[in-house]
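The block underneath contains the structure these notes are about, expressed in structure tokens.
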Amino acid sequence: MAKQTSLLIKSFAADSGVNSANVCVVMSGTNAGNVALPGGALATKFVGVTMEGIPTNSTTSEIAVQVAGIAQVQSDGSATIAPGDYLAIANASGQVKTVTPASGTLVRELVGIALSSATNTAGVLVDVLIQPMVYIGA
């Protein structure tokens with residue numbers, strides 16, 4: 001049984017390459033109003049989490065994106081994730097990683113807060129309270 005609680009799901013046109021469920025998407029820099037996979041780690045303009053990917057035989061690029069609630073998101077496997085950890089986009093695949101706020105002047109966009117744990121194995125699903133926010137730190 002999925003541990004997600006979808007509060008708001010919106011249909012978006014997606015740029016090519018968005019073919020996985022449970023990954024973060026951002027606003028497209030190419031096609032206004034579309035969503036796309038992030039350009040890399042700590043990407044900005046987070047929109048939500050894909051509920052599905054674009055099927056290979058699809059004639060449309062419409063996908064469902066969860067923009068509010070508790071979503072299950074793939075971890076990147078770079079480190080363990082514990083409940084309460086702040087999470088950010090980890091890579092161009094849209095997976096997430098733990099981010100530790102620290103002193104400094106760099107601006108970081110966060111996806112939300114982990115509600116479950118995940119091992120340091122790529123693709124493990126972690127429950128995330130979608131709560132986009134910005135913090136300033138290293």
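In the structure tokens, each chain is lettered A, B, ... as it comes, each chain's residues begin at 1, and ligands are numbered from 1 in order of appearance.
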Using only C-alpha atoms, what does the table of range 32-65 of chain A residues within 12 Å of range 91-114 of chain A look like, with each row giving the shortest atom pair and its distance in Å to one decimal, sorted by chain and ascending number, as a Markdown table?
```
| residue | atom | partner | partner_atom | distance |
| --- | --- | --- | --- | --- |
| A:Val35 | CA | A:Gly94 | CA | 11.7 |
| A:Ala36 | CA | A:Gly94 | CA | 9.3 |
| A:Leu37 | CA | A:Gly94 | CA | 6.0 |
| A:Pro38 | CA | A:Ala92 | CA | 5.0 |
| A:Gly39 | CA | A:Ala92 | CA | 5.1 |
| A:Gly40 | CA | A:Ala92 | CA | 4.1 |
| A:Ala41 | CA | A:Asn91 | CA | 4.2 |
| A:Leu42 | CA | A:Glu109 | CA | 6.8 |
| A:Ala43 | CA | A:Glu109 | CA | 7.5 |
| A:Thr44 | CA | A:Glu109 | CA | 6.1 |
| A:Lys45 | CA | A:Glu109 | CA | 8.1 |
| A:Phe46 | CA | A:Val111 | CA | 7.0 |
| A:Val47 | CA | A:Val111 | CA | 8.9 |
| A:Gly48 | CA | A:Val111 | CA | 8.2 |
| A:Val49 | CA | A:Gly94 | CA | 8.6 |
| A:Thr50 | CA | A:Gly94 | CA | 9.4 |
```
Atoms kept (C-alpha atoms) for selection, written as a PDB file, in the first residue's frame:
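Just written: selection-v6.pdb:
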```
ATOM      1  CA  VAL A  35       7.465  20.423 -16.433  1.00  0.00           C
ATOM      2  CA  ALA A  36      10.851  18.811 -16.981  1.00  0.00           C
ATOM      3  CA  LEU A  37      13.436  16.759 -15.176  1.00  0.00           C
ATOM      4  CA  PRO A  38      15.844  18.933 -13.180  1.00  0.00           C
ATOM      5  CA  GLY A  39      19.122  20.025 -14.743  1.00  0.00           C
ATOM      6  CA  GLY A  40      21.104  18.556 -11.848  1.00  0.00           C
ATOM      7  CA  ALA A  41      21.612  18.583  -8.101  1.00  0.00           C
ATOM      8  CA  LEU A  42      19.989  21.404  -6.123  1.00  0.00           C
ATOM      9  CA  ALA A  43      17.921  22.474  -9.136  1.00  0.00           C
ATOM     10  CA  THR A  44      15.462  25.316  -8.650  1.00  0.00           C
ATOM     11  CA  LYS A  45      11.828  25.887  -9.682  1.00  0.00           C
ATOM     12  CA  PHE A  46      10.528  22.678  -8.081  1.00  0.00           C
ATOM     13  CA  VAL A  47       6.911  21.916  -9.064  1.00  0.00           C
ATOM     14  CA  GLY A  48       6.101  18.507  -7.620  1.00  0.00           C
ATOM     15  CA  VAL A  49       6.478  14.743  -7.844  1.00  0.00           C
ATOM     16  CA  THR A  50       5.450  12.649 -10.838  1.00  0.00           C
TER      17      THR A  50
END
```
* **strand (DSSP E or B) per DSSP on the backbone: members of range 49-135 of chain A, as a ChimeraX atom specification** => /A:49-50,62-75,81,86-89,96-99,106-114,118,125-135
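Note that the spacing between CA of Ile54 in chain A and CA of Val67 in chain A amounts to 17.5 Å.
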* Kindly give the distance, in Å, that separates CA of Ile9 in chain A and CA of Met51 in chain A, rounded to a single decimal. => 8.5 Å
* Asked: At what distance in Å, to one decimal, does CA of Ser75 in chain A lie from CA of Leu87 in chain A?
  -> 9.4 Å
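Minimum atom-to-atom distance to Leu125 in chain A, evaluated using only C-alpha atoms, belongs to A:Asn22 out of A:Ser58, A:Ser78, A:Asn31, A:Asn22.
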* To do: Would you kindly return, as a PyMOL selection string, each protein, DNA or RNA residue with an atom no farther than 12 Å from any atom of Thr119 in chain A, considering only C-alpha atoms and excluding same-chain residues fewer than 3 positions away?
  => chain A and resi 74-83+97-98+116+122-126
Only C-alpha atoms, please: the residues just picked out, written as a PDB file, in the first residue's frame.
```
ATOM      1  CA  GLN A  74      13.024   8.079  -5.054  1.00  0.00           C
ATOM      2  CA  SER A  75      16.216   8.676  -3.062  1.00  0.00           C
ATOM      3  CA  ASP A  76      19.568   8.978  -4.839  1.00  0.00           C
ATOM      4  CA  GLY A  77      21.318   6.537  -2.496  1.00  0.00           C
ATOM      5  CA  SER A  78      24.192   8.866  -1.628  1.00  0.00           C
ATOM      6  CA  ALA A  79      23.390   8.678   2.108  1.00  0.00           C
ATOM      7  CA  THR A  80      20.727   7.384   4.446  1.00  0.00           C
ATOM      8  CA  ILE A  81      17.654   9.528   4.976  1.00  0.00           C
ATOM      9  CA  ALA A  82      16.044   9.838   8.405  1.00  0.00           C
ATOM     10  CA  PRO A  83      12.611  11.164   9.333  1.00  0.00           C
ATOM     11  CA  LYS A  97      18.942  13.624  -1.000  1.00  0.00           C
ATOM     12  CA  THR A  98      19.374  14.908   2.527  1.00  0.00           C
ATOM     13  CA  SER A 116      10.238   7.968   6.684  1.00  0.00           C
ATOM     14  CA  ALA A 122      19.363   4.530  -5.140  1.00  0.00           C
ATOM     15  CA  GLY A 123      15.679   4.328  -5.987  1.00  0.00           C
ATOM     16  CA  VAL A 124      14.404   3.554  -2.486  1.00  0.00           C
ATOM     17  CA  LEU A 125      11.095   5.357  -1.914  1.00  0.00           C
ATOM     18  CA  VAL A 126      10.931   7.826   0.964  1.00  0.00           C
TER      19      VAL A 126
END
```
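Residue nearest Ala14 in chain A, chosen from A:Gly137, A:Pro132, A:Gly84, A:Gly33 and counting only C-alpha atoms: A:Gly33.
Nearest residue to Ser20 in chain A, choosing from A:Ser117, A:Ser6, A:Gln131, A:Thr56 and counting only C-alpha atoms: A:Thr56.
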